[in-house]
Amino acid sequence: MRRAANFKDYRFELLLILPLALYVIGFTLGPIIYAILLSFQEQFTNNFSLKNYYQIFSHFQFKNALINTFAITILSLILELCVGLFLAVLLTRRFIGKGLLRALMLLPLGVPTIVSAANMRYIFDSQGYLNEFLSRLHLINLPIDWTGGGGLSIFTLALADAWKVTPLVMLILIAGLETIPLDLFEAARVDGASFWQAFRRITLPLLKPFITIPLIVRGIDAFRLFELPLTLVGSSTPVLSTYTYFEYFQYNNPYTAAASAVILLIMIIISATIYLKISRERKSIYNL
Amino acid sequence: MKRHKEKIKRIVLALALVLVISWVIFPLYIMVKISVSSPQEVMTQHPSFLIKDFTPDHWQKVLSGQAIRGPLTKSLAVATISMIITLGIGIPAAYGISHLPKRWGYLALIAIFFTRMFPEVGIALPIAIKFLEWNLLDTNIGLALAHVIRVLPIACWILVGTFQTIPRELEEQAQIDGATKKVVLQRIVLPLSMGGISVAAIFSWLFSWDEFTYALYLCLAQPTLPLKIYYYITRGSWFLTATYATIITIPVVIITYSLQRFLKAGYTAGALKG
């Protein structure tokens with residue numbers, strides 16, 4: 001009979017993990033609990049109440065931030081998945097310069113987010129390079145204000161985020177595509193299936209687990225988007241994280257800032273729970 | 001007829017490729033271009049796409065000026081300190097995790113992975129409040145401690161992977177010969193893992209080097225390089241922004257390329273944002 005794993009057998013290993021556990025408690029869990037407490041405290045009196053939540057939910061900028069966050073997340077996920085899937089399928093084919101393309105696609109991943117935010121400003125500024133490009137093609141006469149707020153800014157942010165993140169989605173999808181046995185496609189071709197038929201009936205269903213992972217992980221990242229909205233659109237198009245930042249730094253109110261951070265946290269925890277459910281079905285994270 | 005169709009397909013494919021490649025390269029090209037262009041070429045209604053008026057002015061101004069020294073030393077110092085802290089916590093922890101029963105190790109990895117998902121603005125806020133009380137704002141050690149939040153998951157990921165590749169028989173053999181677990185770790189596992197440890201070290205350094213959010217919350221008077229870029233963006237100085245942005249990007253791109261194969265496990269698990 002096999003004995004169940006016992007804490008005592010692993011005293012040395014657990015001791016080694018202790019500093020990590022202490023650090024995570026001190027610098028991740030601790031701050032989060034403190035933020036949750038702050039969000040329920042009234043400014044000045046420190047009484048516990050829901051006042052901060054009432055306050056932010058009656059604030060139109062917060063509602064905007066909430067809507068914008070969801071809109072950007074959905075839009076950028078659609079963009080990243082479509083382009084990522086297209087590139088992944090492309091890159092599993094053979095053609096000249098494939099290695100070079102693969103290497104190039106890694107470039108945005110390495111670029112620091114603040115740098116990509118700066119670069120996106122050069123492009124989406126009203127005197128920037130996208131407007132210049134469009135006007136040279138005679139597609140527009142007057143410069144478009146890409147970052148002035150409203151739906152257009154949401155689109156701009158999704159595009160800017162997609163620049164940095166699509167390669168990551170692509171890499172995950174390529175890893176997925178490589179697990180599909182080539183015989184399947186051979187067999188489909190012998191049976192007379194077109195490329196589209198094979199794509200819809202073989203590639204997509206088998207790729208589904210590899211699509212859900214980036215979908216959720218990227219969704220969480222999109223909820224937290226900070227540098228891009230801060231530098232590109234500022235307070236004209238707030239998202240949850242920039243709203244939190246402005247509440248603290250511009251209005252000097254850590255309590256409402258904490259409340260909005262907690263809302264963000266709840267959204268993330270819900271997504272993470274879904275992720276955990278899915279990945280537990282697939283058991284091992286080691287050979288994913 | 002069929003040949004014709006094949007040809008069209010190829011042209012469409014090639015066009016799509018060109019589009020994608022330009023989309024990837026263009027923002028970076030513009031950054032470098034602006035850093036070497038004269039103001040007349042950029043600050044107009046119709047900026048030019050090619051470098052017409054090359055000028056080293058912005059680079060000279062940045063590199064010979066005083067302004068870069070503070071942020072550069074701070075970024076270098078903070079990145080190095082957080083690398084050391086990360087390795088100090090991460091190496092033992094990763095070894096421990098890789099030697100726990102599979103189920104526990106999996107749980108531990110998932111837990112670390114989830115700390116990466118928490119909103120940074122939510123963590124940075126209480127830390128900033130506490131650091132204000134403890135006089136840790138604007139200090140290198142304070143910022144480095146905060147950066148470790150971001151750095152630890154990726155370091156643990158790489159390190160656990162490294163320790164798992166070391167044949168368990170080797171360790172068991174040494175234990176049969178009478179070595180304690182501690183000796184096995186010091187004499188056998190660590191020397192064999194130097195490659196993976198240095199990769200983890202480099203990435204730890206890198207993830208602190210280009211960090212922005214914690215720095216924004218925890219620096220007041222002494223900015224890091226990424227913060228400096230942000231200040232120049234908000235002040236609207238396109239040329240200084242471009243020059244600083246290029247400076248900060250160079251080491252990052254070099255390191256990412258030379259070490260990308262080590263990141264693969266992280267990529268495929270979607271654990272990395274880059």
# chains A, B, ... in the order shown; residues from 1 in each chain; ligands from 1
>>> interface_residues(of="chain B", to="chain A", cutoff="7 Å", atoms="only C-alpha atoms", output="number ranges by chain")
B: 24, 27-28, 31, 45-47, 89-90, 92-93, 96, 99-100, 115, 117-119, 121-123, 126-127, 149, 210, 212, 226, 233, 245, 249, 252-253, 256, 267-270, 274
>>> closest_residue(among="A:Val190, A:Ile78, A:Leu152, A:Leu182", to="Thr203 of chain A", atoms="only C-alpha atoms")
A:Leu182
>>> residues_around(residues="Phe48 of chain A", least_positions_apart="3", cutoff="9 Å", atoms="only C-alpha atoms", output="PyMOL selection string")
chain A and resi 37-42+45+51
>>> select_by_dssp(residues="segment 6-216 of chain A", states="alpha helix (DSSP H)", output="ChimeraX atom specification")
/A:11-24,30-39,51-57,60-92,98-110,113-124,129-136,150-177,182-190,195-198,204-216
>>> write_last_selection(atoms="C-alpha atoms", output="compact mmCIF listing (two decimals), in the first residue's frame")
# COMPACT_ATOMS: atom_id res chain seq x y z
CA ARG A 11 10.32 19.37 5.80
CA PHE A 12 13.49 20.44 3.94
CA GLU A 13 11.61 21.33 0.74
CA LEU A 14 8.93 23.26 2.61
CA LEU A 15 11.60 25.15 4.53
CA LEU A 16 13.13 26.20 1.21
CA ILE A 17 9.78 27.48 0.00
CA LEU A 18 9.19 29.46 3.20
CA PRO A 19 10.92 32.71 2.11
CA LEU A 20 8.86 32.74 -1.06
CA ALA A 21 5.68 32.18 0.90
CA LEU A 22 6.59 34.98 3.32
CA TYR A 23 7.39 37.32 0.47
CA VAL A 24 4.12 36.59 -1.32
CA GLY A 30 -0.92 41.66 2.38
CA PRO A 31 -1.26 44.70 0.11
CA ILE A 32 -4.37 43.24 -1.49
CA ILE A 33 -6.04 42.65 1.87
CA TYR A 34 -5.03 46.15 2.93
CA ALA A 35 -6.54 47.55 -0.28
CA ILE A 36 -9.78 45.67 0.37
CA LEU A 37 -9.91 47.08 3.92
CA LEU A 38 -9.21 50.60 2.63
CA SER A 39 -12.03 50.31 0.13
CA LYS A 51 -19.61 54.76 0.96
CA ASN A 52 -16.62 54.51 -1.36
CA TYR A 53 -18.45 52.07 -3.56
CA TYR A 54 -21.53 54.28 -3.68
CA GLN A 55 -19.29 57.15 -4.55
CA ILE A 56 -17.49 55.53 -7.45
CA PHE A 57 -20.61 53.91 -8.85
CA PHE A 60 -19.76 58.92 -14.48
CA GLN A 61 -16.01 58.53 -15.08
CA PHE A 62 -16.07 55.22 -13.24
CA LYS A 63 -18.98 53.95 -15.31
CA ASN A 64 -17.06 55.04 -18.39
CA ALA A 65 -13.99 53.24 -17.11
CA LEU A 66 -15.96 50.06 -16.55
CA ILE A 67 -17.54 50.15 -20.00
CA ASN A 68 -14.25 51.08 -21.67
CA THR A 69 -12.40 48.25 -19.95
CA PHE A 70 -14.87 45.67 -21.21
CA ALA A 71 -15.01 47.19 -24.68
CA ILE A 72 -11.23 47.25 -25.05
CA THR A 73 -10.92 43.72 -23.74
CA ILE A 74 -13.49 42.29 -26.16
CA LEU A 75 -12.18 44.25 -29.12
CA SER A 76 -8.52 43.45 -28.53
CA LEU A 77 -9.26 39.78 -27.91
CA ILE A 78 -11.10 39.54 -31.22
CA LEU A 79 -8.27 41.36 -33.00
CA GLU A 80 -5.50 39.35 -31.40
CA LEU A 81 -7.18 35.99 -31.92
CA CYS A 82 -8.07 36.62 -35.55
CA VAL A 83 -4.68 37.97 -36.54
CA GLY A 84 -2.86 35.49 -34.30
CA LEU A 85 -4.72 32.55 -35.81
CA PHE A 86 -4.13 33.81 -39.33
CA LEU A 87 -0.39 34.17 -38.66
CA ALA A 88 -0.16 30.84 -36.88
CA VAL A 89 -1.75 29.00 -39.79
CA LEU A 90 0.50 30.92 -42.15
CA LEU A 91 3.63 30.12 -40.20
CA THR A 92 3.01 26.40 -40.07
CA LYS A 98 9.68 31.84 -42.58
CA GLY A 99 12.40 31.81 -39.95
CA LEU A 100 12.93 35.51 -40.39
CA LEU A 101 9.23 36.22 -40.00
CA ARG A 102 9.03 34.12 -36.88
CA ALA A 103 11.95 36.03 -35.40
CA LEU A 104 10.42 39.36 -36.39
CA MET A 105 7.14 38.51 -34.72
CA LEU A 106 9.00 38.15 -31.44
CA LEU A 107 10.21 41.73 -31.58
CA PRO A 108 7.13 43.39 -30.02
CA LEU A 109 7.24 40.94 -27.12
CA GLY A 110 10.64 42.21 -26.13
CA THR A 113 5.30 48.40 -22.65
CA ILE A 114 6.09 52.04 -21.91
CA VAL A 115 8.18 52.19 -25.08
CA SER A 116 5.41 50.71 -27.17
CA ALA A 117 3.06 53.26 -25.62
CA ALA A 118 5.41 56.05 -26.68
CA ASN A 119 5.63 54.62 -30.18
CA MET A 120 1.87 54.32 -30.47
CA ARG A 121 1.63 58.01 -29.66
CA TYR A 122 3.80 58.83 -32.65
CA ILE A 123 1.45 56.82 -34.81
CA PHE A 124 -1.94 57.79 -33.44
CA TYR A 129 2.11 58.91 -38.91
CA LEU A 130 -1.15 57.05 -39.36
CA ASN A 131 -2.97 60.24 -40.33
CA GLU A 132 -0.14 61.17 -42.65
CA PHE A 133 -0.26 57.73 -44.23
CA LEU A 134 -4.01 57.89 -44.75
CA SER A 135 -3.89 61.39 -46.18
CA ARG A 136 -1.13 60.41 -48.59
CA GLY A 150 -15.11 57.85 -27.45
CA GLY A 151 -15.34 54.70 -29.50
CA LEU A 152 -12.45 55.61 -31.75
CA SER A 153 -10.04 55.76 -28.81
CA ILE A 154 -11.18 52.33 -27.69
CA PHE A 155 -10.39 51.02 -31.13
CA THR A 156 -7.01 52.77 -31.04
CA LEU A 157 -6.17 51.22 -27.68
CA ALA A 158 -7.18 47.76 -28.88
CA LEU A 159 -4.96 48.17 -31.95
CA ALA A 160 -2.05 49.42 -29.85
CA ASP A 161 -2.41 46.50 -27.44
CA ALA A 162 -2.71 44.04 -30.30
CA TRP A 163 0.65 45.20 -31.64
CA LYS A 164 2.44 43.97 -28.55
CA VAL A 165 0.40 40.92 -27.75
CA THR A 166 -0.54 39.25 -31.02
CA PRO A 167 2.86 37.51 -31.28
CA LEU A 168 2.25 35.86 -27.92
CA VAL A 169 -1.17 34.62 -29.00
CA MET A 170 0.40 33.44 -32.23
CA LEU A 171 3.09 31.44 -30.40
CA ILE A 172 0.51 29.70 -28.24
CA LEU A 173 -1.59 28.87 -31.30
CA ILE A 174 1.45 27.59 -33.20
CA ALA A 175 2.20 25.29 -30.29
CA GLY A 176 -1.39 24.11 -30.61
CA LEU A 177 -1.24 23.64 -34.36
CA LEU A 182 -0.62 15.99 -40.30
CA ASP A 183 -2.23 12.70 -41.36
CA LEU A 184 -5.58 14.22 -40.56
CA PHE A 185 -5.08 16.88 -43.22
CA GLU A 186 -3.77 14.29 -45.66
CA ALA A 187 -6.85 12.17 -45.12
CA ALA A 188 -9.11 15.20 -45.51
CA ARG A 189 -7.41 16.13 -48.75
CA VAL A 190 -7.75 12.61 -50.09
CA PHE A 195 -8.65 24.22 -47.24
CA TRP A 196 -11.59 25.97 -45.60
CA GLN A 197 -13.40 22.76 -44.86
CA ALA A 198 -10.31 21.28 -43.29
CA LEU A 204 -10.55 24.84 -35.21
CA PRO A 205 -12.06 22.03 -33.09
CA LEU A 206 -8.64 20.58 -32.25
CA LEU A 207 -7.23 24.00 -31.56
CA LYS A 208 -10.04 24.94 -29.20
CA PRO A 209 -8.15 24.24 -25.94
CA PHE A 210 -5.27 26.36 -27.21
CA ILE A 211 -7.67 29.18 -27.98
CA THR A 212 -9.36 29.21 -24.58
CA ILE A 213 -6.06 29.61 -22.70
CA PRO A 214 -4.89 32.81 -24.39
CA LEU A 215 -8.47 34.02 -24.40
CA ILE A 216 -8.67 34.03 -20.61
>>> atom_distance(atom1="atom CA of Phe203 of chain B", atom2="atom CA of Gln260 of chain B")
10.4 Å
